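Participant: Structure file model.csv (CSV, C-alpha atoms (C1' of nucleotides)) is given on the next line.
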chain,number,residue,atom,x,y,z
I,1,MET,CA,-21.7,-13.6,-14.6
I,2,LYS,CA,-20.5,-12.5,-17.9
I,3,GLN,CA,-16.8,-11.4,-18.2
I,4,GLY,CA,-16.5,-9.0,-21.0
I,5,ALA,CA,-13.7,-8.2,-23.4
I,6,ASP,CA,-11.9,-5.8,-21.0
I,7,LEU,CA,-11.2,-8.5,-18.4
I,8,GLN,CA,-10.4,-11.1,-21.1
I,9,SER,CA,-7.8,-8.9,-22.6
I,10,LEU,CA,-5.9,-8.1,-19.4
I,11,MET,CA,-3.1,-10.6,-18.8
I,12,GLY,CA,-2.9,-9.4,-15.2
I,13,TYR,CA,-6.4,-10.6,-14.7
I,14,GLN,CA,-5.7,-14.0,-16.3
I,15,ILE,CA,-2.7,-14.5,-14.1
I,16,GLN,CA,-4.6,-13.4,-11.0
I,17,ARG,CA,-7.4,-15.9,-11.6
I,18,ALA,CA,-4.9,-18.8,-12.2
I,19,ASN,CA,-3.1,-17.7,-9.0
I,20,LEU,CA,-6.3,-17.8,-7.0
I,21,ARG,CA,-7.0,-21.3,-8.1
I,22,MET,CA,-3.5,-22.6,-7.5
I,23,ASP,CA,-3.2,-20.9,-4.1
I,24,ALA,CA,-6.5,-22.2,-2.8
I,25,ASP,CA,-5.6,-25.7,-3.7
I,26,ALA,CA,-2.1,-25.5,-2.2
I,27,ARG,CA,-3.6,-23.9,0.9
I,28,ALA,CA,-5.9,-26.9,1.3
I,29,ALA,CA,-3.1,-29.3,0.8
I,30,LEU,CA,-1.2,-27.6,3.7
I,31,ALA,CA,-4.2,-27.5,6.0
I,32,ASP,CA,-2.8,-30.3,8.2
I,33,TYR,CA,0.4,-28.3,8.8
I,34,ASP,CA,-1.2,-25.0,9.7
I,35,LEU,CA,1.0,-23.1,7.4
I,36,SER,CA,0.2,-21.0,4.3
I,37,PRO,CA,2.0,-21.6,1.0
I,38,ALA,CA,3.9,-18.3,1.6
I,39,LYS,CA,5.2,-19.6,4.9
I,40,MET,CA,6.3,-22.8,3.3
I,41,THR,CA,8.1,-20.8,0.7
I,42,ALA,CA,9.9,-19.0,3.6
I,43,LEU,CA,11.0,-22.4,5.0
I,44,ILE,CA,12.4,-23.4,1.6
I,45,LEU,CA,14.3,-20.2,1.3
I,46,ILE,CA,15.8,-20.6,4.8
I,47,ARG,CA,16.7,-24.2,4.1
I,48,ASP,CA,18.3,-23.3,0.7
I,49,ASN,CA,20.0,-20.2,2.1
I,50,PRO,CA,21.2,-21.2,5.6
I,51,GLY,CA,22.3,-18.3,7.7
I,52,CYS,CA,20.4,-15.7,5.8
I,53,ASP,CA,19.1,-12.7,7.7
I,54,GLN,CA,15.5,-11.5,8.1
I,55,THR,CA,15.9,-8.6,5.8
I,56,ALA,CA,17.2,-10.8,3.0
I,57,LEU,CA,14.4,-13.2,3.5
I,58,GLY,CA,11.9,-10.4,3.4
I,59,ARG,CA,13.4,-9.1,0.2
I,60,ALA,CA,13.0,-12.5,-1.4
I,61,LEU,CA,9.4,-12.7,-0.4
I,62,SER,CA,8.7,-9.1,-1.4
I,63,ILE,CA,7.8,-8.0,2.1
I,64,ASN,CA,9.6,-5.5,4.3
I,65,ARG,CA,11.7,-5.9,7.5
I,66,SER,CA,8.8,-5.5,9.8
I,67,SER,CA,6.6,-8.1,8.1
I,68,ALA,CA,9.5,-10.5,7.8
I,69,MET,CA,9.9,-10.1,11.6
I,70,LYS,CA,6.4,-11.3,12.2
I,71,LEU,CA,6.7,-14.2,9.8
I,72,VAL,CA,10.0,-15.3,11.4
I,73,ASN,CA,8.4,-15.1,14.9
I,74,ILE,CA,5.6,-17.5,13.8
I,75,LEU,CA,8.1,-20.0,12.4
I,76,VAL,CA,10.2,-19.8,15.5
I,77,ASP,CA,7.2,-20.2,17.8
I,78,LYS,CA,6.3,-23.3,15.9
I,79,GLY,CA,9.7,-24.8,16.5
I,80,LEU,CA,10.5,-24.9,12.7
I,81,ILE,CA,13.4,-22.5,12.6
I,82,GLU,CA,15.9,-20.8,14.9
I,83,ARG,CA,17.6,-17.4,15.2
I,84,ARG,CA,21.4,-17.8,15.6
I,85,PRO,CA,24.2,-15.2,15.9
I,86,GLY,CA,24.8,-13.6,12.5
I,87,ARG,CA,27.8,-12.1,10.7
I,88,ASP,CA,27.7,-9.1,13.0
I,89,LEU,CA,26.0,-8.1,16.3
I,90,ARG,CA,23.0,-6.5,14.5
I,91,THR,CA,22.2,-9.6,12.4
I,92,ASN,CA,20.8,-13.0,13.0
I,93,ALA,CA,21.4,-16.1,11.0
I,94,LEU,CA,18.2,-18.0,10.3
I,95,ALA,CA,18.5,-21.8,10.4
I,96,LEU,CA,16.0,-24.6,9.7
I,97,LEU,CA,15.6,-27.0,12.7
I,98,PRO,CA,15.3,-30.8,12.3
I,99,HIS,CA,11.6,-30.5,13.1
I,100,GLY,CA,11.3,-27.9,10.4
I,101,GLU,CA,13.1,-30.1,7.9
I,102,SER,CA,10.9,-33.1,8.4
I,103,GLN,CA,7.8,-30.9,8.3
I,104,LEU,CA,9.0,-29.2,5.2
I,105,LYS,CA,9.6,-32.6,3.5
I,106,ALA,CA,6.0,-33.6,4.1
I,107,MET,CA,4.6,-30.2,3.1
I,108,LEU,CA,6.6,-30.3,-0.2
I,109,LYS,CA,5.1,-33.7,-0.9
I,110,ALA,CA,1.6,-32.5,-0.3
I,111,VAL,CA,2.0,-29.2,-2.3
I,112,GLY,CA,3.8,-31.1,-5.1
I,113,ARG,CA,0.8,-33.4,-5.4
I,114,SER,CA,-1.5,-30.4,-5.5
I,115,ASP,CA,0.6,-28.6,-8.1
I,116,ALA,CA,0.8,-31.7,-10.3
I,117,ARG,CA,-2.9,-32.3,-10.1
I,118,MET,CA,-3.7,-28.7,-11.0
I,119,THR,CA,-1.4,-28.8,-14.0
I,120,ALA,CA,-2.3,-32.3,-15.1
I,121,GLY,CA,-4.0,-30.9,-18.2
I,122,LEU,CA,-0.7,-29.6,-19.6
I,123,SER,CA,2.0,-31.6,-21.3
I,124,ALA,CA,5.7,-31.4,-20.2
I,125,ASP,CA,6.4,-29.1,-23.1
I,126,GLU,CA,3.5,-26.8,-22.3
I,127,LEU,CA,4.6,-26.6,-18.6
I,128,LYS,CA,8.1,-25.6,-19.7
I,129,THR,CA,6.6,-23.0,-22.1
I,130,LEU,CA,4.3,-21.6,-19.4
I,131,LYS,CA,7.2,-21.3,-16.9
I,132,ASP,CA,9.3,-19.5,-19.4
I,133,LEU,CA,6.6,-17.1,-20.4
I,134,LEU,CA,5.7,-16.3,-16.8
I,135,GLU,CA,9.3,-15.6,-16.0
I,136,ARG,CA,9.4,-13.0,-18.8
I,137,VAL,CA,6.2,-11.2,-17.6
I,138,GLY,CA,7.2,-8.0,-15.8
I,139,ALA,CA,10.8,-9.0,-16.0
I,140,ALA,CA,11.7,-5.4,-15.2
I,141,ASP,CA,11.7,-3.8,-11.7
I,142,GLU,CA,11.2,-5.6,-8.4
I,143,GLU,CA,11.4,-3.7,-5.1
I,144,THR,CA,10.2,-3.7,-1.5
I,145,GLY,CA,9.7,-0.3,0.1
I,146,ASP,CA,10.2,0.4,3.8
V,1,MET,CA,18.9,-15.3,-2.4
V,2,LYS,CA,19.1,-18.7,-4.0
V,3,GLN,CA,15.8,-20.3,-5.1
V,4,GLY,CA,16.4,-24.0,-5.2
V,5,ALA,CA,14.9,-26.7,-7.3
V,6,ASP,CA,11.8,-27.1,-5.2
V,7,LEU,CA,10.5,-23.6,-5.8
V,8,GLN,CA,11.6,-23.6,-9.4
V,9,SER,CA,9.6,-26.8,-10.0
V,10,LEU,CA,6.3,-25.5,-8.5
V,11,MET,CA,4.1,-23.9,-11.1
V,12,GLY,CA,2.1,-22.3,-8.3
V,13,TYR,CA,5.2,-20.4,-7.2
V,14,GLN,CA,5.9,-19.2,-10.7
V,15,ILE,CA,2.4,-18.0,-11.1
V,16,GLN,CA,2.4,-16.3,-7.7
V,17,ARG,CA,5.6,-14.4,-8.5
V,18,ALA,CA,4.2,-13.2,-11.8
V,19,ASN,CA,1.0,-12.2,-10.2
V,20,LEU,CA,2.8,-10.2,-7.6
V,21,ARG,CA,4.7,-8.2,-10.2
V,22,MET,CA,1.6,-7.6,-12.3
V,23,ASP,CA,-0.6,-6.6,-9.4
V,24,ALA,CA,2.0,-4.2,-8.0
V,25,ASP,CA,2.3,-2.4,-11.3
V,26,ALA,CA,-1.5,-2.3,-11.9
V,27,ARG,CA,-2.0,-1.0,-8.3
V,28,ALA,CA,0.5,1.8,-9.0
V,29,ALA,CA,-1.2,2.7,-12.3
V,30,LEU,CA,-4.5,3.1,-10.3
V,31,ALA,CA,-3.0,5.2,-7.5
V,32,ASP,CA,-4.7,8.3,-8.8
V,33,TYR,CA,-8.1,6.7,-8.5
V,34,ASP,CA,-7.7,5.3,-5.0
V,35,LEU,CA,-9.0,1.9,-6.1
V,36,SER,CA,-7.3,-1.5,-6.1
V,37,PRO,CA,-7.2,-3.7,-9.3
V,38,ALA,CA,-9.8,-6.0,-7.6
V,39,LYS,CA,-12.2,-3.0,-7.1
V,40,MET,CA,-11.8,-2.0,-10.7
V,41,THR,CA,-12.6,-5.6,-11.6
V,42,ALA,CA,-15.8,-5.3,-9.6
V,43,LEU,CA,-16.7,-2.1,-11.5
V,44,ILE,CA,-16.2,-3.9,-14.8
V,45,LEU,CA,-18.4,-6.8,-13.7
V,46,ILE,CA,-21.2,-4.5,-12.6
V,47,ARG,CA,-21.0,-2.6,-15.9
V,48,ASP,CA,-21.1,-5.8,-17.9
V,49,ASN,CA,-23.8,-7.4,-15.8
V,50,PRO,CA,-26.1,-4.5,-14.9
V,51,GLY,CA,-28.7,-5.3,-12.3
V,52,CYS,CA,-26.6,-8.1,-10.7
V,53,ASP,CA,-26.9,-8.6,-7.0
V,54,GLN,CA,-24.2,-8.5,-4.3
V,55,THR,CA,-24.1,-12.3,-3.8
V,56,ALA,CA,-23.5,-12.9,-7.6
V,57,LEU,CA,-20.8,-10.2,-7.6
V,58,GLY,CA,-19.1,-11.9,-4.7
V,59,ARG,CA,-19.2,-15.3,-6.3
V,60,ALA,CA,-17.6,-13.9,-9.5
V,61,LEU,CA,-14.8,-12.4,-7.3
V,62,SER,CA,-14.4,-15.5,-5.1
V,63,ILE,CA,-15.5,-13.6,-2.0
V,64,ASN,CA,-18.5,-14.2,0.3
V,65,ARG,CA,-21.7,-12.2,0.8
V,66,SER,CA,-20.3,-10.3,3.7
V,67,SER,CA,-17.1,-9.3,2.0
V,68,ALA,CA,-19.0,-8.3,-1.1
V,69,MET,CA,-21.2,-6.1,1.1
V,70,LYS,CA,-18.1,-4.2,2.3
V,71,LEU,CA,-16.8,-3.8,-1.2
V,72,VAL,CA,-20.1,-2.5,-2.6
V,73,ASN,CA,-20.3,0.0,0.3
V,74,ILE,CA,-17.0,1.4,-0.7
V,75,LEU,CA,-18.0,1.8,-4.3
V,76,VAL,CA,-21.3,3.3,-3.3
V,77,ASP,CA,-19.5,5.8,-0.9
V,78,LYS,CA,-17.3,6.9,-3.8
V,79,GLY,CA,-20.3,7.6,-6.0
V,80,LEU,CA,-19.3,5.0,-8.6
V,81,ILE,CA,-22.2,2.6,-8.3
V,82,GLU,CA,-25.8,2.6,-6.9
V,83,ARG,CA,-28.1,0.0,-5.2
V,84,ARG,CA,-31.4,-0.1,-7.0
V,85,PRO,CA,-34.5,-2.2,-6.2
V,86,GLY,CA,-33.9,-5.8,-7.4
V,87,ARG,CA,-35.9,-8.7,-8.7
V,88,ASP,CA,-37.5,-9.2,-5.3
V,89,LEU,CA,-37.6,-7.3,-2.0
V,90,ARG,CA,-34.5,-9.1,-0.6
V,91,THR,CA,-32.3,-8.2,-3.5
V,92,ASN,CA,-30.5,-5.1,-4.9
V,93,ALA,CA,-29.7,-4.5,-8.5
V,94,LEU,CA,-26.2,-3.0,-8.7
V,95,ALA,CA,-25.8,-0.3,-11.4
V,96,LEU,CA,-22.8,1.7,-12.6
V,97,LEU,CA,-23.4,5.5,-12.3
V,98,PRO,CA,-22.2,8.0,-14.9
V,99,HIS,CA,-19.3,9.0,-12.7
V,100,GLY,CA,-18.3,5.4,-12.3
V,101,GLU,CA,-18.4,4.9,-16.0
V,102,SER,CA,-16.1,7.8,-16.8
V,103,GLN,CA,-13.8,6.8,-14.0
V,104,LEU,CA,-13.7,3.2,-15.2
V,105,LYS,CA,-12.8,4.3,-18.7
V,106,ALA,CA,-9.8,6.2,-17.4
V,107,MET,CA,-8.8,3.4,-15.1
V,108,LEU,CA,-9.0,0.8,-17.9
V,109,LYS,CA,-6.7,3.0,-20.0
V,110,ALA,CA,-4.2,3.3,-17.2
V,111,VAL,CA,-4.3,-0.4,-16.3
V,112,GLY,CA,-4.2,-1.3,-20.0
V,113,ARG,CA,-1.0,0.7,-20.4
V,114,SER,CA,0.5,-1.1,-17.3
V,115,ASP,CA,-0.5,-4.5,-18.6
V,116,ALA,CA,1.0,-3.7,-22.0
V,117,ARG,CA,4.3,-2.5,-20.6
V,118,MET,CA,4.6,-5.5,-18.3
V,119,THR,CA,4.1,-7.9,-21.2
V,120,ALA,CA,6.1,-5.9,-23.8
V,121,GLY,CA,8.7,-8.6,-23.8
V,122,LEU,CA,6.3,-11.2,-25.3
V,123,SER,CA,5.2,-11.4,-28.9
V,124,ALA,CA,1.5,-11.5,-29.8
V,125,ASP,CA,1.7,-15.2,-30.3
V,126,GLU,CA,3.4,-15.7,-27.0
V,127,LEU,CA,0.7,-13.7,-25.3
V,128,LYS,CA,-2.0,-15.8,-26.9
V,129,THR,CA,-0.2,-19.0,-25.8
V,130,LEU,CA,0.3,-17.7,-22.2
V,131,LYS,CA,-3.4,-16.8,-21.9
V,132,ASP,CA,-4.4,-20.3,-23.2
V,133,LEU,CA,-2.1,-22.1,-20.9
V,134,LEU,CA,-3.2,-20.1,-17.8
V,135,GLU,CA,-6.8,-20.8,-18.6
V,136,ARG,CA,-6.0,-24.5,-18.5
V,137,VAL,CA,-4.2,-24.4,-15.2
V,138,GLY,CA,-6.5,-25.8,-12.5
V,139,ALA,CA,-9.1,-26.5,-15.2
V,140,ALA,CA,-8.6,-30.3,-14.8
V,141,ASP,CA,-9.4,-30.0,-11.1
V,142,GLU,CA,-12.6,-28.1,-11.8
V,143,GLU,CA,-13.8,-30.7,-14.3
V,144,THR,CA,-13.2,-33.7,-12.0
V,145,GLY,CA,-14.0,-31.9,-8.8
V,146,ASP,CA,-17.4,-31.9,-7.1
O,1,DT,C1',-36.7,-23.7,5.1
O,2,DA,C1',-33.7,-21.2,2.2
O,3,DT,C1',-31.8,-16.9,0.5
O,4,DT,C1',-30.3,-11.8,0.6
O,5,DG,C1',-28.7,-8.3,2.9
O,6,DT,C1',-26.8,-6.7,6.9
O,7,DT,C1',-24.0,-6.1,11.2
O,8,DA,C1',-20.5,-7.2,14.6
O,9,DT,C1',-16.4,-9.3,15.3
O,10,DA,C1',-11.9,-11.4,14.4
O,11,DC,C1',-8.0,-13.0,11.8
O,12,DT,C1',-4.3,-12.7,8.3
O,13,DC,C1',-1.1,-10.1,5.9
O,14,DT,C1',1.2,-6.1,5.1
O,15,DA,C1',2.8,-1.3,5.9
O,16,DT,C1',4.6,3.0,8.4
O,17,DA,C1',6.9,5.1,12.0
O,18,DA,C1',9.8,5.3,15.7
O,19,DC,C1',13.3,3.3,18.7
O,20,DT,C1',17.9,0.5,19.8
O,21,DA,C1',22.1,-1.2,19.0
O,22,DT,C1',25.3,-1.8,16.2
O,23,DA,C1',28.3,-0.6,11.9
X,1,DT,C1',25.0,8.2,8.6
X,2,DA,C1',23.3,3.8,7.5
X,3,DT,C1',21.7,-0.8,8.5
X,4,DA,C1',19.3,-4.9,11.3
X,5,DG,C1',16.2,-5.9,14.4
X,6,DT,C1',12.4,-4.7,17.1
X,7,DT,C1',7.9,-2.8,18.7
X,8,DA,C1',3.5,-0.4,18.4
X,9,DT,C1',0.0,0.8,15.6
X,10,DA,C1',-2.9,0.9,11.5
X,11,DG,C1',-5.2,-0.4,7.3
X,12,DA,C1',-6.7,-3.7,3.6
X,13,DG,C1',-9.1,-7.8,2.7
X,14,DT,C1',-11.5,-11.7,4.0
X,15,DA,C1',-14.1,-14.9,7.1
X,16,DT,C1',-17.6,-16.6,10.5
X,17,DA,C1',-21.7,-16.1,13.1
X,18,DA,C1',-25.8,-14.2,14.0
X,19,DC,C1',-30.2,-11.6,12.8
X,20,DA,C1',-34.2,-9.5,10.0
X,21,DA,C1',-36.9,-9.5,6.0
X,22,DT,C1',-38.4,-12.0,2.3
X,23,DA,C1',-39.2,-16.0,-0.6
Please, can you express the file's structure as structure tokens?
Facilitator:
Amino acid sequence: MKQGADLQSLMGYQIQRANLRMDADARAALADYDLSPAKMTALILIRDNPGCDQTALGRALSINRSSAMKLVNILVDKGLIERRPGRDLRTNALALLPHGESQLKAMLKAVGRSDARMTAGLSADELKTLKDLLERVGAADEETGD
Amino acid sequence: MKQGADLQSLMGYQIQRANLRMDADARAALADYDLSPAKMTALILIRDNPGCDQTALGRALSINRSSAMKLVNILVDKGLIERRPGRDLRTNALALLPHGESQLKAMLKAVGRSDARMTAGLSADELKTLKDLLERVGAADEETGD
DNA sequence: TATTGTTATACTCTATAACTATA
DNA sequence: TATAGTTATAGAGTATAACAATA
């Protein structure tokens, strides 16, 4: 299939294709853990922000309260995290459980290997440049509706 | 929300975040046309590969025959494309209709504006570099893979 | 036998709207 | 009034499994 000038010239398309390749490989790397890359990201955020509430987690993942609820339910059901009493009676404080911590360590190893393999064709300088440029793409608004 | 070293170091995460921002803006730019960026991509591919069949279209979009079927149904229902007799009696030849062509032109304008706005912070050289680096992400895997 | 289109079904992810209990 | 969590429901988007027609 030919991909004409229109697709080639859209940066959004280039990013989307690269994302598809990276996500597919990361997903395969996590197959043994029955978690998607996005759910692993949630575990990392909870570990690095202990006591955060569901709404804040959702905001960081660009999903709304309701979607965050479902995500948290899954992680709780798997015994990876726990809901604890939060800063007031409306809020809960999310916490990574020991089982979640050990699982996350293994997942990070697997995804790290995937990430390294997928970017093996780029030098350290190029990786730094790529990360910098990506951060500057769409640096404007970010929001999650409700 | 703090994003620790683990997320910062994963290129897959950086790409995914940039993709989310770009996709959201492109989606908003296409709101008037009631089509997602992915469906616009399908229209471009059909325009640039007239007579292609559904399976080939699906392959180009990384979706399977059944999903391609649903996608084509939607584009047909909207009067944008048409199924014509293909190279044998099993196959359809997909063709962009005049209405699809004019719609696509307008959509490309809108998405082009979105893309330009989102990448306005990057110089022409930087855009070229970014595209080059993105194309090489996951390329090593494809070369050595089976 | 293999391939293309097709249909039925199901799963993932996300969203909206409404309700509750707090604040 | 506003916010956090919750629940029910719905809509994309994709996948698998089967089948018919054709190659």
Participant: Of the residues V:Ala42, V:Gly138, V:Glu82, V:Lys128, which is the one nearest to Ile63 in chain V, using only C-alpha atoms?
Facilitator: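 For Ile63 in chain V, the nearest of the candidates is V:Ala42.
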Participant: Taking 2 positions as the minimum chain separation for residues in the same chain, which residues sit within 12 Å of DA2 in chain X when counting all atoms listed in the file? Answer as an MDAnalysis selection string.
Facilitator: (chainID O and resid 22:23) or (chainID X and resid 4)
Participant: Would you write out chain I as a compact mmCIF listing (two decimals) with C-alpha atoms, in the coordinates of the input, after superposing it on chain V by least squares over all in-order Cα pairs?
Facilitator:
# COMPACT_ATOMS: atom_id res chain seq x y z
CA MET I 1 19.01 -15.83 -2.37
CA LYS I 2 19.31 -18.97 -4.27
CA GLN I 3 16.05 -20.64 -5.53
CA GLY I 4 16.64 -24.27 -5.87
CA ALA I 5 15.21 -26.89 -8.18
CA ASP I 6 12.05 -27.48 -6.06
CA LEU I 7 10.76 -23.93 -6.52
CA GLN I 8 11.86 -23.83 -10.19
CA SER I 9 9.90 -26.90 -10.96
CA LEU I 10 6.60 -25.79 -9.42
CA MET I 11 4.40 -24.03 -11.97
CA GLY I 12 2.30 -22.67 -9.12
CA TYR I 13 5.31 -20.84 -7.89
CA GLN I 14 6.14 -19.43 -11.34
CA ILE I 15 2.62 -18.18 -11.76
CA GLN I 16 2.57 -16.70 -8.26
CA ARG I 17 5.76 -14.71 -8.86
CA ALA I 18 4.47 -13.35 -12.25
CA ASN I 19 1.20 -12.46 -10.47
CA LEU I 20 3.02 -10.55 -7.77
CA ARG I 21 4.84 -8.50 -10.32
CA MET I 22 1.80 -7.75 -12.45
CA ASP I 23 -0.39 -6.92 -9.45
CA ALA I 24 2.09 -4.53 -7.89
CA ASP I 25 2.43 -2.64 -11.08
CA ALA I 26 -1.32 -2.45 -11.72
CA ARG I 27 -1.81 -1.41 -8.10
CA ALA I 28 0.57 1.50 -8.64
CA ALA I 29 -1.12 2.49 -11.80
CA LEU I 30 -4.46 2.73 -9.87
CA ALA I 31 -2.98 4.65 -6.96
CA ASP I 32 -4.67 7.90 -8.06
CA TYR I 33 -8.10 6.22 -7.97
CA ASP I 34 -7.80 4.60 -4.57
CA LEU I 35 -8.98 1.32 -5.83
CA SER I 36 -7.25 -2.09 -6.02
CA PRO I 37 -7.13 -4.06 -9.27
CA ALA I 38 -9.70 -6.49 -7.74
CA LYS I 39 -12.11 -3.64 -7.17
CA MET I 40 -11.67 -2.45 -10.69
CA THR I 41 -12.39 -5.92 -11.88
CA ALA I 42 -15.66 -5.74 -9.84
CA LEU I 43 -16.59 -2.49 -11.66
CA ILE I 44 -15.99 -4.15 -15.03
CA LEU I 45 -18.12 -7.08 -14.11
CA ILE I 46 -20.97 -4.82 -12.95
CA ARG I 47 -20.70 -2.72 -16.08
CA ASP I 48 -20.66 -5.84 -18.35
CA ASN I 49 -23.39 -7.58 -16.36
CA PRO I 50 -25.87 -4.81 -15.43
CA GLY I 51 -28.38 -5.84 -12.85
CA CYS I 52 -26.37 -8.67 -11.46
CA ASP I 53 -26.75 -9.48 -7.79
CA GLN I 54 -24.08 -9.49 -5.06
CA THR I 55 -23.91 -13.20 -4.82
CA ALA I 56 -23.27 -13.56 -8.54
CA LEU I 57 -20.63 -10.95 -8.41
CA GLY I 58 -18.99 -12.68 -5.50
CA ARG I 59 -19.03 -15.96 -7.36
CA ALA I 60 -17.25 -14.35 -10.28
CA LEU I 61 -14.59 -12.93 -8.07
CA SER I 62 -14.23 -16.15 -6.08
CA ILE I 63 -15.33 -14.59 -2.82
CA ASN I 64 -18.41 -15.38 -0.76
CA ARG I 65 -21.64 -13.41 -0.07
CA SER I 66 -20.31 -11.73 2.98
CA SER I 67 -17.10 -10.48 1.36
CA ALA I 68 -18.98 -9.38 -1.73
CA MET I 69 -21.19 -7.33 0.65
CA LYS I 70 -18.23 -5.43 1.94
CA LEU I 71 -16.78 -4.83 -1.50
CA VAL I 72 -20.15 -3.57 -2.80
CA ASN I 73 -20.47 -1.21 0.23
CA ILE I 74 -17.07 0.38 -0.61
CA LEU I 75 -18.06 0.93 -4.24
CA VAL I 76 -21.36 2.38 -3.23
CA ASP I 77 -19.79 4.68 -0.64
CA LYS I 78 -17.51 5.95 -3.32
CA GLY I 79 -20.41 6.86 -5.53
CA LEU I 80 -19.29 4.38 -8.30
CA ILE I 81 -22.21 2.00 -8.24
CA GLU I 82 -25.78 1.75 -6.96
CA ARG I 83 -28.06 -0.91 -5.45
CA ARG I 84 -31.43 -1.02 -7.28
CA PRO I 85 -34.50 -3.28 -6.81
CA GLY I 86 -33.73 -6.75 -8.16
CA ARG I 87 -35.75 -9.55 -9.75
CA ASP I 88 -37.35 -10.32 -6.41
CA LEU I 89 -37.64 -8.67 -2.95
CA ARG I 90 -34.53 -10.49 -1.60
CA THR I 91 -32.24 -9.36 -4.45
CA ASN I 92 -30.64 -6.18 -5.56
CA ALA I 93 -29.60 -5.23 -9.02
CA LEU I 94 -26.15 -3.69 -9.11
CA ALA I 95 -25.70 -0.82 -11.59
CA LEU I 96 -22.66 1.27 -12.58
CA LEU I 97 -23.26 5.05 -12.07
CA PRO I 98 -22.06 7.70 -14.56
CA HIS I 99 -19.31 8.64 -12.11
CA GLY I 100 -18.30 5.02 -11.97
CA GLU I 101 -18.23 4.76 -15.75
CA SER I 102 -15.98 7.72 -16.28
CA GLN I 103 -13.71 6.55 -13.47
CA LEU I 104 -13.61 3.09 -14.86
CA LYS I 105 -12.65 4.45 -18.33
CA ALA I 106 -9.64 6.22 -16.87
CA MET I 107 -8.64 3.28 -14.66
CA LEU I 108 -8.79 0.90 -17.70
CA LYS I 109 -6.49 3.27 -19.55
CA ALA I 110 -4.01 3.37 -16.74
CA VAL I 111 -4.06 -0.46 -16.08
CA GLY I 112 -3.91 -1.13 -19.85
CA ARG I 113 -0.74 0.93 -20.04
CA SER I 114 0.69 -0.98 -17.11
CA ASP I 115 -0.25 -4.35 -18.57
CA ALA I 116 1.23 -3.46 -21.96
CA ARG I 117 4.44 -2.23 -20.44
CA MET I 118 4.84 -5.37 -18.33
CA THR I 119 4.29 -7.61 -21.33
CA ALA I 120 6.28 -5.52 -23.78
CA GLY I 121 8.92 -8.25 -23.97
CA LEU I 122 6.49 -10.70 -25.59
CA SER I 123 5.37 -10.76 -29.18
CA ALA I 124 1.63 -10.86 -30.16
CA ASP I 125 1.94 -14.55 -30.82
CA GLU I 126 3.60 -15.26 -27.49
CA LEU I 127 0.87 -13.25 -25.63
CA LYS I 128 -1.82 -15.31 -27.35
CA THR I 129 0.08 -18.53 -26.46
CA LEU I 130 0.51 -17.46 -22.82
CA LYS I 131 -3.22 -16.60 -22.50
CA ASP I 132 -4.20 -19.91 -23.90
CA LEU I 133 -1.89 -21.88 -21.70
CA LEU I 134 -2.97 -20.02 -18.57
CA GLU I 135 -6.58 -20.67 -19.37
CA ARG I 136 -5.86 -24.43 -19.49
CA VAL I 137 -4.03 -24.45 -16.08
CA GLY I 138 -6.38 -25.88 -13.45
CA ALA I 139 -9.18 -25.89 -15.93
CA ALA I 140 -11.04 -28.24 -13.60
CA ASP I 141 -13.01 -27.21 -10.46
CA GLU I 142 -13.78 -23.67 -9.34
CA GLU I 143 -15.88 -23.03 -6.23
CA THR I 144 -16.55 -20.53 -3.45
CA GLY I 145 -17.55 -21.97 -0.09
CA ASP I 146 -19.86 -20.23 2.36
Participant: Can you list, as a list in words, every protein, DNA or RNA residue that comes within 10 Å of DT6 in chain O when you count all atoms listed in the file, leaving out same-chain residues fewer than 2 positions away?
Facilitator: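 Within the cut-off, the hits are Arg65, Ser66 and Met69 of chain V; DT4 and DA8 of chain O; DC19 and DA20 of chain X.
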Participant: Residues of chain O within 12 Å of chain I, counting only C-alpha atoms (C1' of nucleotides) - could you list those as an mmCIF file with C-alpha atoms (C1' of nucleotides), in the coordinates of the input?
Facilitator:
data_model
loop_
_atom_site.group_PDB
_atom_site.id
_atom_site.type_symbol
_atom_site.label_atom_id
_atom_site.label_comp_id
_atom_site.auth_asym_id
_atom_site.auth_seq_id
_atom_site.Cartn_x
_atom_site.Cartn_y
_atom_site.Cartn_z
ATOM 1 C "C1'" DT O 12 -4.300 -12.700 8.300
ATOM 2 C "C1'" DC O 13 -1.100 -10.100 5.900
ATOM 3 C "C1'" DT O 14 1.200 -6.100 5.100
ATOM 4 C "C1'" DA O 15 2.800 -1.300 5.900
ATOM 5 C "C1'" DT O 16 4.600 3.000 8.400
ATOM 6 C "C1'" DA O 17 6.900 5.100 12.000
ATOM 7 C "C1'" DT O 20 17.900 0.500 19.800
ATOM 8 C "C1'" DA O 21 22.100 -1.200 19.000
ATOM 9 C "C1'" DT O 22 25.300 -1.800 16.200
ATOM 10 C "C1'" DA O 23 28.300 -0.600 11.900
#
Participant: Return as a Markdown table the residues of chain X lying at most 12 Å from chain I, together with the closest atom-to-atom pair for each and the distance in Å to one decimal, counting all atoms listed in the file, with rows in chain order and ascending residue number.
Facilitator:
| residue | atom | partner | partner_atom | distance |
| --- | --- | --- | --- | --- |
| X:DT3 | C1' | I:Arg90 | CA | 8.4 |
| X:DA4 | C1' | I:Arg90 | CA | 5.1 |
| X:DG5 | C1' | I:Arg90 | CA | 6.8 |
| X:DT6 | C1' | I:Met69 | CA | 8.1 |
| X:DT7 | C1' | I:Ser66 | CA | 9.3 |
| X:DA8 | C1' | I:Ser66 | CA | 11.3 |
Participant: Which one of I:Leu10, I:Leu97, I:Met1, I:Val111 sits closest to Asp48 in chain V if you count all atoms listed in the file?
Facilitator: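 Comparing I:Leu10, I:Leu97, I:Met1, I:Val111 against Asp48 in chain V, the winner is I:Met1.
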